[in-house]
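Undergrad: To be precise about what I am sending: the file is called data.txt and holds compact mmCIF, C-alpha atoms.
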# COMPACT_ATOMS: atom_id res chain seq x y z
CA MET A 126 10.04 1.05 -14.25
CA TRP A 127 8.38 -2.38 -14.24
CA VAL A 128 4.88 -1.07 -13.51
CA ALA A 129 3.56 1.07 -16.35
CA LYS A 130 0.41 3.14 -16.42
CA HIS A 131 -1.12 0.57 -18.74
CA LEU A 132 -0.35 -3.12 -18.94
CA SER A 133 2.83 -3.56 -20.93
CA LYS A 134 3.31 -6.27 -23.53
CA PHE A 135 5.52 -8.05 -21.02
CA VAL A 136 2.80 -8.12 -18.36
CA LEU A 137 0.19 -9.27 -20.88
CA GLY A 138 2.58 -12.03 -21.88
CA VAL A 139 2.95 -13.12 -18.24
CA LEU A 140 -0.83 -13.09 -17.86
CA ALA A 141 -1.39 -15.18 -20.98
CA PHE A 142 1.40 -17.64 -20.13
CA ALA A 143 0.22 -18.20 -16.57
CA PHE A 144 -3.52 -18.28 -17.10
CA ILE A 145 -3.85 -20.62 -20.06
CA GLN A 146 -1.85 -23.40 -18.43
CA PRO A 147 -3.83 -25.44 -15.89
CA GLY A 148 -1.90 -25.62 -12.66
CA GLY A 149 0.66 -23.11 -13.89
CA GLY A 150 2.23 -20.77 -11.34
CA VAL A 151 0.97 -17.23 -11.61
CA VAL A 152 4.34 -15.69 -11.00
CA GLY A 153 6.03 -17.34 -13.97
CA ALA A 154 9.52 -15.85 -14.06
CA LEU A 155 8.81 -13.82 -10.93
CA HIS A 156 9.82 -15.39 -7.64
CA SER A 157 7.99 -15.09 -4.33
CA GLU A 158 11.16 -14.60 -2.32
CA PRO A 159 13.71 -11.77 -2.52
CA THR A 160 16.74 -12.05 -4.75
CA SER A 161 20.25 -11.80 -3.35
CA SER A 162 20.37 -8.08 -4.18
CA SER A 163 17.84 -7.45 -1.40
CA THR A 164 20.47 -7.99 1.31
CA GLN A 165 21.47 -4.32 1.15
CA TRP A 166 18.25 -3.19 2.82
CA SER A 167 17.04 -3.18 6.40
CA TYR A 168 13.68 -4.91 6.81
CA PRO A 169 10.84 -4.88 9.34
CA LYS A 170 10.04 -8.05 11.24
CA PHE A 171 8.20 -10.50 9.04
CA SER A 172 6.37 -13.73 9.73
CA TRP A 173 3.94 -15.96 7.88
CA ASP A 174 2.48 -17.17 11.20
CA THR A 175 -0.43 -14.74 10.75
CA ILE A 176 -1.41 -12.09 8.20
CA PRO A 177 1.57 -9.71 7.84
CA ALA A 178 -0.01 -6.28 8.37
CA PHE A 179 1.11 -2.68 8.81
CA TRP A 180 -0.23 0.41 10.65
CA HIS A 181 -0.31 3.97 9.28
CA ALA A 182 -2.23 6.76 11.01
CA ASP A 183 -2.14 9.76 13.33
CA GLU A 184 -3.83 10.76 16.58
CA PRO A 185 -4.77 14.44 16.15
CA LYS A 186 -5.74 14.94 19.79
CA GLY A 187 -2.30 14.31 21.23
CA PRO A 188 0.11 11.53 22.26
CA PHE A 189 -1.06 7.95 21.87
CA ASN A 190 -2.90 6.57 24.88
CA THR A 191 -2.22 3.19 26.49
CA SER A 192 -4.84 1.24 24.55
CA GLN A 193 -3.66 2.72 21.27
CA LEU A 194 -0.07 1.75 22.00
CA ASP A 195 -1.18 -1.76 22.99
CA LEU A 196 -2.54 -2.19 19.48
CA ILE A 197 0.11 -0.30 17.50
CA VAL A 198 3.00 -2.43 18.76
CA LEU A 199 1.30 -5.52 17.32
CA TYR A 200 2.44 -4.27 13.91
CA PRO A 201 6.06 -4.55 12.77
CA LEU A 202 5.85 -1.56 10.40
CA VAL A 203 4.28 1.74 11.51
CA THR A 204 4.00 5.17 9.89
CA ILE A 205 3.02 8.23 11.90
CA GLU A 206 0.91 10.53 9.74
CA LYS A 207 1.22 14.31 9.35
CA GLY A 208 -1.72 15.12 11.65
CA GLN A 209 -0.13 13.63 14.76
CA SER A 210 -0.95 15.85 17.80
CA ILE A 211 -2.07 18.59 15.42
CA GLN A 212 -4.56 19.87 18.03
CA VAL A 213 -1.85 20.13 20.68
CA PRO A 214 0.23 23.35 21.06
CA PRO A 215 1.87 24.49 18.95
CA VAL A 216 -1.42 23.84 17.11
CA SER A 217 -1.00 22.90 13.44
CA HIS A 218 2.76 23.29 13.67
CA ASP A 219 6.00 21.37 14.25
CA ALA A 220 4.74 18.05 12.90
CA GLU A 221 8.28 16.72 12.75
CA SER A 222 8.79 16.94 16.53
CA LYS A 223 5.33 15.56 17.25
CA ILE A 224 5.95 12.56 15.01
CA VAL A 225 9.30 11.94 16.72
CA ALA A 226 7.56 12.10 20.13
CA ALA A 227 5.02 9.52 18.96
CA ALA A 228 7.82 7.30 17.66
CA LYS A 229 9.51 7.55 21.04
CA GLN A 230 6.30 6.30 22.70
CA ILE A 231 6.24 3.26 20.40
CA LYS A 232 9.94 2.50 20.81
CA ALA A 233 9.54 2.60 24.60
CA ARG A 234 7.09 -0.28 24.20
CA ASP A 235 8.92 -2.28 21.52
CA LYS A 236 12.24 -1.23 20.01
CA THR A 237 11.87 -3.73 17.18
CA VAL A 238 8.91 -1.92 15.59
CA LYS A 239 10.05 0.03 12.53
CA VAL A 240 8.59 3.53 12.89
CA LEU A 241 8.51 5.86 9.88
CA MET A 242 7.77 9.58 9.59
CA TYR A 243 5.18 10.75 7.07
CA THR A 244 6.69 13.14 4.54
CA ASN A 245 5.56 14.50 1.18
CA ALA A 246 7.95 14.88 -1.73
CA VAL A 247 5.70 17.41 -3.43
CA ILE A 248 3.19 19.15 -1.15
CA ASP A 249 4.50 21.64 1.42
CA TRP A 250 2.03 20.79 4.20
CA TRP A 251 1.34 23.68 6.56
CA MET A 252 1.78 21.72 9.80
CA TYR A 253 5.49 21.08 9.25
CA SER A 254 8.31 23.31 10.46
CA LEU A 255 9.70 22.96 6.95
CA HIS A 256 6.68 24.94 5.74
CA THR A 257 7.65 27.85 8.01
CA TYR A 258 11.10 27.85 6.43
CA CYS A 259 9.58 27.79 2.94
CA THR A 260 7.33 30.78 3.65
CA GLN A 261 10.49 32.69 4.52
CA HIS A 262 12.42 31.33 1.51
CA GLN A 263 9.86 31.17 -1.29
CA THR A 264 12.40 29.99 -3.83
CA MET A 265 11.64 26.62 -2.22
CA TRP A 266 8.28 26.71 -4.05
CA LEU A 267 7.46 25.85 -7.65
CA HIS A 268 5.99 28.84 -9.49
CA ASP A 269 3.81 28.90 -12.60
CA GLU A 270 4.21 30.95 -15.77
CA MET A 271 2.59 33.96 -14.10
CA GLY A 272 5.02 33.85 -11.20
CA GLN A 273 2.41 32.48 -8.78
CA PRO A 274 3.06 29.48 -6.52
CA VAL A 275 1.73 26.20 -7.94
CA LEU A 276 -0.93 24.76 -5.62
CA ILE A 277 -2.15 21.21 -4.98
CA PHE A 278 -4.97 20.88 -2.41
CA ASN A 279 -4.47 24.64 -1.95
CA GLN A 280 -0.95 23.88 -0.69
CA THR A 281 2.31 25.10 -2.18
CA VAL A 282 4.58 22.68 -4.02
CA PHE A 283 8.29 22.11 -3.38
CA ASP A 284 10.54 23.08 -6.27
CA VAL A 285 13.02 20.21 -6.21
CA ARG A 286 14.70 21.14 -9.47
CA THR A 287 17.68 22.57 -7.60
CA GLU A 288 20.09 20.54 -5.51
CA ALA A 289 19.98 23.23 -2.80
CA ASN A 290 16.20 22.90 -2.38
CA ARG A 291 16.37 19.12 -2.31
CA ARG A 292 19.07 19.36 0.35
CA VAL A 293 16.84 21.53 2.59
CA TRP A 294 14.05 18.96 2.30
CA ILE A 295 16.37 16.03 3.05
CA ASP A 296 18.03 17.87 5.96
CA ASP A 297 14.58 18.24 7.57
CA LEU A 298 14.19 14.45 7.41
CA LEU A 299 17.71 13.84 8.67
CA SER A 300 17.07 16.15 11.61
CA ALA A 301 14.19 13.93 12.73
CA ASP A 302 16.32 10.85 12.12
CA LYS A 303 18.95 12.14 14.55
CA SER A 304 16.45 11.58 17.38
CA GLY A 305 17.18 7.86 17.20
CA TYR A 306 13.48 6.98 17.12
CA ILE A 307 12.85 7.16 13.37
CA ASP A 308 13.58 4.18 11.12
CA GLY A 309 12.86 5.91 7.83
CA ALA A 310 10.16 7.79 5.99
CA PHE A 311 6.91 7.23 4.17
CA VAL A 312 7.15 9.55 1.16
CA ASP A 313 3.79 10.58 -0.24
CA ARG A 314 3.57 11.64 -3.88
CA GLY A 315 6.19 9.14 -4.92
CA LEU A 316 4.04 9.14 -8.04
CA PHE A 317 4.11 12.85 -8.74
CA GLU A 318 2.20 12.91 -12.03
CA VAL A 319 -1.15 13.07 -10.19
CA ASP A 320 -2.58 16.64 -10.40
CA ILE A 321 0.56 18.40 -11.60
CA HIS A 322 -0.60 18.37 -15.23
CA LYS A 323 -3.31 20.87 -14.20
CA ALA A 324 -0.70 23.46 -13.22
CA ASN A 325 0.00 26.46 -15.44
CA ILE A 326 3.55 25.44 -16.29
CA THR A 327 5.23 24.71 -19.60
CA ARG A 328 5.87 21.21 -20.84
CA ALA A 329 9.60 21.85 -20.51
CA THR A 330 9.17 22.84 -16.85
CA LEU A 331 7.05 19.76 -16.21
CA THR A 332 9.61 17.48 -17.84
CA GLU A 333 12.42 19.07 -15.81
CA TYR A 334 10.41 18.78 -12.62
CA LEU A 335 9.52 15.12 -13.11
CA ALA A 336 13.17 14.20 -13.69
CA ALA A 337 14.23 16.17 -10.60
CA HIS A 338 11.47 14.55 -8.54
CA ASP A 339 12.72 11.06 -9.41
CA LYS A 340 16.25 12.13 -8.54
CA HIS A 341 14.95 13.51 -5.23
CA MET A 342 13.44 10.14 -4.31
CA LEU A 343 16.75 8.37 -4.88
CA GLU A 344 18.69 11.02 -2.95
CA MET A 345 16.44 10.49 0.08
CA GLN A 346 17.39 6.83 0.31
CA GLN A 347 21.04 7.61 -0.30
CA ALA A 348 21.07 10.27 2.43
CA MET A 349 19.31 8.03 4.95
CA GLY A 350 21.36 4.96 4.04
CA PRO A 351 20.42 1.31 3.47
CA SER A 352 19.58 0.77 7.14
CA LYS A 353 16.56 3.07 6.79
CA ILE A 354 13.28 2.28 5.05
CA ILE A 355 11.99 4.74 2.45
CA ILE A 356 8.46 3.93 1.26
CA SER A 357 7.54 5.53 -2.06
CA ASN A 358 3.78 5.90 -2.41
CA ASN A 359 2.34 4.41 -5.60
CA LYS A 360 5.56 4.09 -7.58
CA ASP A 361 8.60 1.81 -7.74
CA TYR A 362 12.12 3.18 -7.78
CA ASP A 363 15.20 1.06 -8.30
CA GLY A 364 17.36 2.16 -5.39
CA VAL A 365 14.45 2.87 -3.01
CA SER A 366 13.69 0.14 -0.49
CA ALA A 367 9.87 0.10 -0.31
CA ARG A 368 6.62 0.95 -2.04
CA MET A 369 2.97 1.39 -1.03
CA PHE A 370 -0.07 0.49 -3.13
CA GLU A 371 -2.46 3.11 -1.76
CA ARG A 372 -5.60 1.53 -3.21
CA PHE A 373 -4.42 -2.00 -3.76
CA PHE A 374 -6.48 -4.08 -6.20
CA LEU A 375 -8.87 -1.17 -6.73
CA SER A 376 -8.68 1.90 -8.96
CA ASP A 377 -5.17 2.83 -7.84
CA PHE A 378 -3.39 6.13 -8.39
CA ASP A 379 -0.74 4.47 -10.55
CA GLY A 380 -3.41 3.77 -13.18
CA ASN A 381 -2.97 0.01 -12.96
CA LYS A 382 -5.89 -2.34 -13.33
CA PRO A 383 -6.48 -4.62 -10.33
CA TYR A 384 -4.72 -7.61 -11.84
CA ALA A 385 -1.65 -5.53 -12.68
CA ASP A 386 -1.53 -4.54 -9.01
CA LEU A 387 -1.45 -8.23 -8.12
CA LEU A 388 1.45 -8.93 -10.46
CA ALA A 389 3.25 -5.81 -9.22
CA LEU A 390 2.92 -7.04 -5.63
CA MET A 391 4.61 -10.29 -6.66
CA HIS A 392 7.33 -8.26 -8.35
CA GLU A 393 8.11 -6.36 -5.14
CA ALA A 394 8.95 -9.58 -3.33
CA ALA A 395 10.96 -10.79 -6.31
CA VAL A 396 13.30 -7.79 -6.15
CA GLY A 397 13.45 -7.68 -2.34
CA ARG A 398 11.41 -4.54 -1.86
CA VAL A 399 9.10 -3.98 1.11
CA ALA A 400 5.49 -3.62 -0.07
CA GLU A 401 2.49 -2.15 1.72
CA ALA A 402 -0.85 -3.13 0.17
CA HIS A 403 -3.49 -0.70 1.44
CA SER A 404 -7.11 -0.88 0.31
CA SER A 405 -9.66 1.88 0.74
CA PRO A 406 -12.55 2.47 1.17
CA CYS A 407 -12.88 -0.62 3.32
CA THR A 408 -16.35 -1.98 2.67
CA SER A 409 -17.13 -5.65 3.26
CA SER A 410 -16.57 -6.60 -0.38
CA VAL A 411 -13.36 -4.58 -0.56
CA PHE A 412 -11.98 -6.26 2.56
CA ASN A 413 -12.87 -9.74 1.36
CA THR A 414 -11.58 -9.27 -2.17
CA THR A 415 -8.39 -7.34 -1.42
CA LEU A 416 -7.36 -9.61 1.45
CA ALA A 417 -7.79 -12.62 -0.83
CA ALA A 418 -5.81 -10.84 -3.56
CA PHE A 419 -3.08 -9.99 -1.06
CA LEU A 420 -2.81 -13.63 0.07
CA ILE A 421 -2.65 -14.74 -3.55
CA GLY A 422 0.22 -12.36 -4.38
CA ALA A 423 2.08 -11.69 -1.12
CA GLY A 424 5.73 -12.53 -0.73
CA GLN A 425 8.27 -11.96 2.02
CA TYR A 426 8.06 -8.38 3.35
CA SER A 427 4.57 -7.79 1.97
CA TYR A 428 2.15 -6.19 4.46
CA TYR A 429 -1.61 -5.54 4.27
CA ALA A 430 -4.14 -3.02 5.61
CA CYS A 431 -7.72 -2.04 4.79
CA THR A 432 -9.06 1.23 6.23
CA ASN A 433 -11.02 4.34 5.33
CA GLY A 434 -8.33 6.98 5.80
CA TRP A 435 -5.22 7.94 7.69
CA SER A 436 -6.33 8.84 11.22
CA VAL A 437 -6.88 6.53 14.19
CA ASN A 438 -10.67 6.70 13.80
CA ASP A 439 -10.59 5.59 10.17
CA GLY A 440 -10.40 1.92 11.08
CA TRP A 441 -6.83 1.65 12.37
CA MET A 442 -7.98 0.89 15.92
CA LEU A 443 -10.13 -2.03 14.72
CA ARG A 444 -7.93 -5.09 14.31
CA PRO A 445 -9.66 -7.69 12.13
CA ALA A 446 -10.01 -11.18 13.59
CA GLU A 447 -8.38 -12.43 10.39
CA TYR A 448 -5.09 -10.85 11.46
CA SER A 449 -4.82 -13.33 14.33
CA LYS A 450 -5.72 -16.47 12.40
CA ALA A 451 -3.09 -19.08 11.62
CA LEU A 452 -1.55 -18.76 8.18
CA GLY A 453 1.87 -20.41 7.83
CA SER A 454 4.29 -20.19 4.95
CA PRO A 455 2.71 -20.59 1.51
CA ASN A 456 3.10 -24.04 0.01
CA GLY A 457 4.19 -22.29 -3.19
CA PRO A 458 3.10 -19.47 -5.47
CA ALA A 459 -0.54 -19.11 -6.45
CA LYS A 460 -1.71 -21.51 -9.16
CA THR A 461 -4.29 -21.26 -11.89
CA ILE A 462 -7.03 -23.78 -11.12
CA SER A 463 -9.91 -25.14 -13.18
CA THR A 464 -12.56 -24.26 -10.61
CA ALA A 465 -12.78 -22.60 -7.23
CA ARG A 466 -15.60 -24.91 -6.15
CA GLY A 467 -14.35 -27.24 -3.46
CA PHE A 468 -10.70 -26.37 -4.10
CA CYS A 469 -9.96 -25.72 -0.43
CA ARG A 470 -11.87 -28.78 0.73
CA HIS A 471 -9.66 -30.97 -1.42
CA ASN A 472 -6.37 -29.13 -1.05
CA ALA A 473 -6.25 -28.14 2.62
CA THR A 474 -6.52 -30.14 5.83
CA LEU A 475 -10.12 -29.33 6.76
CA GLN A 476 -12.03 -31.60 9.12
CA GLU A 477 -15.26 -29.70 9.69
CA GLU A 478 -17.88 -28.67 7.16
CA ARG A 479 -19.29 -25.70 9.06
CA TYR A 480 -17.66 -22.31 8.54
CA ILE A 481 -18.45 -19.08 10.35
CA ARG A 482 -18.24 -15.81 8.46
CA SER A 483 -16.00 -12.99 9.72
CA GLU A 484 -17.85 -9.93 11.02
CA PHE A 485 -14.95 -7.47 10.86
CA TRP A 486 -16.49 -5.32 8.15
CA GLU A 487 -19.66 -4.76 10.21
CA GLN A 488 -17.55 -3.17 12.95
CA LEU A 489 -15.66 -1.09 10.42
CA GLN A 490 -18.81 0.22 8.73
CA GLU A 491 -19.84 1.81 12.01
CA HIS A 492 -16.90 4.18 11.49
CA ALA A 493 -17.36 4.82 7.77
CA GLU A 494 -19.76 6.30 5.26
CA LYS A 495 -21.46 3.95 2.85
CA VAL A 496 -19.52 3.76 -0.37
CA HIS A 497 -19.89 2.01 -3.68
CA TYR A 498 -17.22 -0.44 -4.75
CA ARG A 499 -16.33 -0.54 -8.43
CA HIS A 500 -13.53 -2.41 -10.12
CA HIS A 501 -12.77 0.14 -12.83
CA GLY A 502 -11.71 -1.47 -16.05
CA ILE A 503 -11.86 -5.08 -14.89
CA SER A 504 -14.96 -5.92 -16.97
CA HIS A 505 -13.27 -4.61 -20.10
CA TRP A 506 -10.14 -6.62 -19.33
CA ILE A 507 -12.08 -9.84 -18.72
CA ASN A 508 -14.11 -9.41 -21.92
CA GLN A 509 -10.91 -8.82 -23.86
CA TYR A 510 -9.38 -11.91 -22.30
CA LYS A 511 -12.44 -14.00 -23.22
CA ARG A 512 -12.16 -12.92 -26.84
CA THR A 513 -8.47 -13.81 -26.88
CA HIS A 514 -8.43 -17.12 -25.02
CA SER A 515 -11.98 -18.52 -24.95
CA SER A 516 -13.70 -20.91 -27.28
CA GLY A 517 -17.23 -19.84 -28.18
CA THR A 518 -19.18 -18.65 -25.14
CA THR A 519 -17.28 -20.66 -22.55
CA SER A 520 -15.13 -19.00 -19.93
CA ALA A 521 -12.03 -21.08 -20.67
CA GLY A 522 -8.92 -19.06 -19.97
CA ILE A 523 -10.46 -16.73 -17.41
CA PRO A 524 -8.15 -16.92 -14.41
CA ILE A 525 -9.18 -18.65 -11.23
CA LEU A 526 -6.34 -18.58 -8.71
CA GLY A 527 -5.69 -20.73 -5.66
CA ARG A 528 -3.05 -20.84 -2.94
CA VAL A 529 -2.59 -23.00 0.16
CA PHE A 530 -0.63 -22.18 3.32
CA ALA A 531 1.13 -24.43 5.80
CA SER A 532 -1.56 -24.11 8.47
CA GLY A 533 -4.18 -25.42 6.05
CA THR A 534 -5.56 -21.97 5.34
CA CYS A 535 -6.58 -21.82 1.69
CA VAL A 536 -7.63 -19.00 -0.64
CA THR A 537 -9.19 -18.76 -4.09
CA LEU A 538 -9.93 -15.76 -6.31
CA ASP A 539 -12.23 -16.18 -9.32
CA PHE A 540 -12.05 -13.54 -12.08
CA ASN A 541 -15.14 -14.82 -13.86
CA THR A 542 -17.20 -12.39 -11.76
CA ASN A 543 -17.06 -8.62 -11.34
CA PRO A 544 -15.61 -7.96 -8.83
CA PRO A 545 -13.63 -11.22 -8.56
CA THR A 546 -15.08 -13.73 -6.11
CA PRO A 547 -12.87 -14.25 -3.01
CA CYS A 548 -12.93 -17.27 -0.73
CA ILE A 549 -10.61 -17.68 2.26
CA ALA A 550 -11.07 -20.90 4.23
CA TRP A 551 -9.10 -20.53 7.46
CA SER A 552 -7.54 -23.44 9.30
CA ASP A 553 -9.82 -22.73 12.30
CA HIS A 554 -12.83 -23.51 10.05
CA THR A 555 -14.01 -19.93 9.69
CA LEU A 556 -14.63 -18.28 6.35
CA THR A 557 -13.97 -14.88 4.81
CA GLY A 558 -15.82 -14.15 1.59
CA ASN A 559 -17.83 -16.50 -0.59
CA PRO A 560 -18.09 -20.19 0.48
CA ILE A 561 -17.44 -21.43 -3.08
CA CYS A 562 -14.00 -22.86 -2.24
CA ILE A 563 -15.43 -25.20 0.41
CA SER A 564 -18.63 -26.10 -1.45
CA GLU A 565 -19.24 -29.60 -2.73
When written as structure tokens, how does the structure in this file appear?
TA:
Amino acid sequence: MWVAKHLSKFVLGVLAFAFIQPGGGVVGALHSEPTSSSTQWSYPKFSWDTIPAFWHADEPKGPFNTSQLDLIVLYPLVTIEKGQSIQVPPVSHDAESKIVAAAKQIKARDKTVKVLMYTNAVIDWWMYSLHTYCTQHQTMWLHDEMGQPVLIFNQTVFDVRTEANRRVWIDDLLSADKSGYIDGAFVDRGLFEVDIHKANITRATLTEYLAAHDKHMLEMQQAMGPSKIIISNNKDYDGVSARMFERFFLSDFDGNKPYADLLALMHEAAVGRVAEAHSSPCTSSVFNTTLAAFLIGAGQYSYYACTNGWSVNDGWMLRPAEYSKALGSPNGPAKTISTARGFCRHNATLQEERYIRSEFWEQLQEHAEKVHYRHHGISHWINQYKRTHSSGTTSAGIPILGRVFASGTCVTLDFNTNPPTPCIAWSDHTLTGNPICISE
């Protein structure tokens, strides 16, 4: 697996190689476009015309209404979450059919939208019909050393160590797929290691389970076929077509530092894998910084979102103005630059000096609790990098990244600050983030 819990020697080598060479491409040996091996997969629509974005939520109160559908079909890649129509009879039951019904609504509007069903490779969520089957066949559950079901979030856990149990899980997905409205699945707990170490099971059982879990992920894609998209949450699998970064460029569940997330995003495009970069909680600084990071690292079939959760009222019905701004194909991979100051004024076609800040985050904060944004570990990494590559007290070697797009939109990301300083100068002369990149 290319992405390790901690930065590997290879990744550190890429960082050092790219950052100490003025004007050097960040990606190094990694390419921003898919390799030829990517042709086996089916892909969502993709365009650089505007920010490539995705949608992932549920409407607990029932079917999507007209205004919700108007917005949802603007996105080429959509996942219907587990709580879809959960308040509608049968209450808290039959999530599979309710998700299919929602997918049918979307397909009636636009057949080209790729609609995925939320599933969980580990947690046996109570609202699924599969859970009813498991309560009647409790060998489907993982049990601890005392013979009690293992629980995560007070929910039972699938025991995927047997082929028979994995087949029951996959058959549930295939049943929904037979509707003709489902284009694949979002598979939560692709990274299973989270929480399971707390369970009262032996090391041998854990080792066996983790191996079976990885096998389960591959079998899903094989059963669905290459024409279907399987998104693994927080972990890459060779042989699985997509991956989500659940807290992209933040303290992510995969244990990566923010910069490793950025390199991993570049890697997804290099191997032809669909990537969803989701950032949460979506405060103003998170939106500015993670959108800039996404634009720095995005390749073909990379998609972005910033919200506060997984239901329609968690920010998914607020479409940022940035999503409609002209972007255009990138002029190349991101480059290390000597300074962010004025970079976009000199490197993009900008005629006016006055920029207007985006107000998207102010709308979003009306729907969210106030949260504190911390880049865990980034200060330590930067200090380590200074000791390795700097001379005296200067900041030589600290990465400042820049990228320009065909429309004239330009972005910089400066790692000399904590969190990194983002600046996006749009071709319509508006600004997201800090104005450093257009300053004299």
Undergrad: Please provide as a PyMOL selection string all residues within 10 Å of Gln346 (chain A), with the sequence filter that same-chain residues fewer than 2 positions apart are discarded (counting all atoms listed in the file).
TA: chain A and resi 295+309-310+341-344+348-356+364-366
Undergrad: Select, from A:Ser436, A:Asn456, A:Thr257, A:Ser532, the residue with the minimum atom-to-atom distance to Lys186 (chain A), counting only C-alpha atoms.
TA: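 Using only C-alpha atoms, Lys186 (chain A) sits closest to A:Ser436.
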Undergrad: When you count only C-alpha atoms, which of these residues is closest to Arg314 (chain A): A:Ser172, A:Thr244, A:Ser167, A:Thr204?
TA: A:Thr244
Undergrad: Neighbours of region 406-412 of chain A within 6 Å (all atoms listed in the file; same-chain residues fewer than 2 positions away dropped), as a list in words?
TA: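 Residues near the query, excluding close chain neighbours: Thr414, Thr415, Leu416, Cys431, Thr432, Asn433 and Trp486 of chain A.
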Undergrad: In terms of the shortest atom-to-atom distance over only C-alpha atoms, which of A:Leu316, A:Ala324, A:Val213, A:Leu199 is closest to Ile277 (chain A)?
TA: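 Answer, going by the shortest atom-to-atom distance: A:Ala324.
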Undergrad: For the atom pair CA of Phe189 (chain A) and CA of Arg368 (chain A), what is the interatomic distance in Å to one decimal place?
TA: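 Computing it gives 26.1 Å between the two atoms.
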Undergrad: Which of these residues is nearest to Asp439 (chain A), using all atoms listed in the file: A:Ser405, A:Pro201, A:Asn358, A:Ala301?
TA: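 Of all the options, A:Ser405 lies closest to Asp439 (chain A).
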Undergrad: Hey, can you check how far CA of Ala178 (chain A) sits from CA of Glu221 (chain A)?
TA: 24.8 Å
Undergrad: List the residues sitting within 9 Å of (-0.3, -6.6, -2.6) in the file's frame, using all atoms listed in the file, as JSON, numbers by chain.
TA: {"A": [369, 370, 373, 374, 386, 387, 388, 389, 390, 391, 393, 400, 401, 402, 403, 415, 416, 418, 419, 420, 421, 422, 423, 424, 427, 428, 429]}
Undergrad: Here is a test: counting all atoms listed in the file, which residue of A:Thr557, A:Asn290, A:Thr537, A:Thr461 is nearest to Glu447 (chain A)?
TA: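 The shortest atom-to-atom distance to Glu447 (chain A) comes from A:Thr557.
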Undergrad: Show me as a list in words the residues that reach within 8 Å of (-1.4, 15.7, 19.8), counting only C-alpha atoms and using the file's own coordinates.
TA: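 Checked against the point, the hits come out as Glu184, Pro185, Lys186, Gly187, Pro188, Gln209, Ser210, Ile211, Gln212, Val213, Pro214 and Lys223 of chain A.
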Undergrad: When you draw a straight line from CA of His392 (chain A) to CA of Ala430 (chain A), how long is it in Å?
TA: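 Between CA of His392 (chain A) and CA of Ala430 (chain A) the gap works out to 18.8 Å.
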Undergrad: Can you list, as a PyMOL selection string, every protein, DNA or RNA residue that comes within 7 Å of Ser254 (chain A) when you count only C-alpha atoms, leaving out same-chain residues fewer than 2 positions away?
TA: chain A and resi 218-221+252+256-258
Undergrad: For C-alpha atoms, I'd like the residues from the last selection saved as an mmCIF file, keeping the file's coordinate frame.
TA:
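Output saved as result13.cif:
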data_model
loop_
_atom_site.group_PDB
_atom_site.id
_atom_site.type_symbol
_atom_site.label_atom_id
_atom_site.label_comp_id
_atom_site.auth_asym_id
_atom_site.auth_seq_id
_atom_site.Cartn_x
_atom_site.Cartn_y
_atom_site.Cartn_z
ATOM 1 C CA HIS A 218 2.760 23.290 13.670
ATOM 2 C CA ASP A 219 6.000 21.370 14.250
ATOM 3 C CA ALA A 220 4.740 18.050 12.900
ATOM 4 C CA GLU A 221 8.280 16.720 12.750
ATOM 5 C CA MET A 252 1.780 21.720 9.800
ATOM 6 C CA HIS A 256 6.680 24.940 5.740
ATOM 7 C CA THR A 257 7.650 27.850 8.010
ATOM 8 C CA TYR A 258 11.100 27.850 6.430
#
Undergrad: Just the residues within 9 Å of Ile525 (chain A), please, counting only C-alpha atoms, with nothing from its chain fewer than 4 positions along; format it as a ChimeraX atom specification.
TA: /A:144,460-465,537-541
Undergrad: Which one is closest to Asp174 (chain A): A:His268, A:Lys239, A:Arg444, A:Lys450? Count only C-alpha atoms.
TA: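 Using only C-alpha atoms, Asp174 (chain A) sits closest to A:Lys450.
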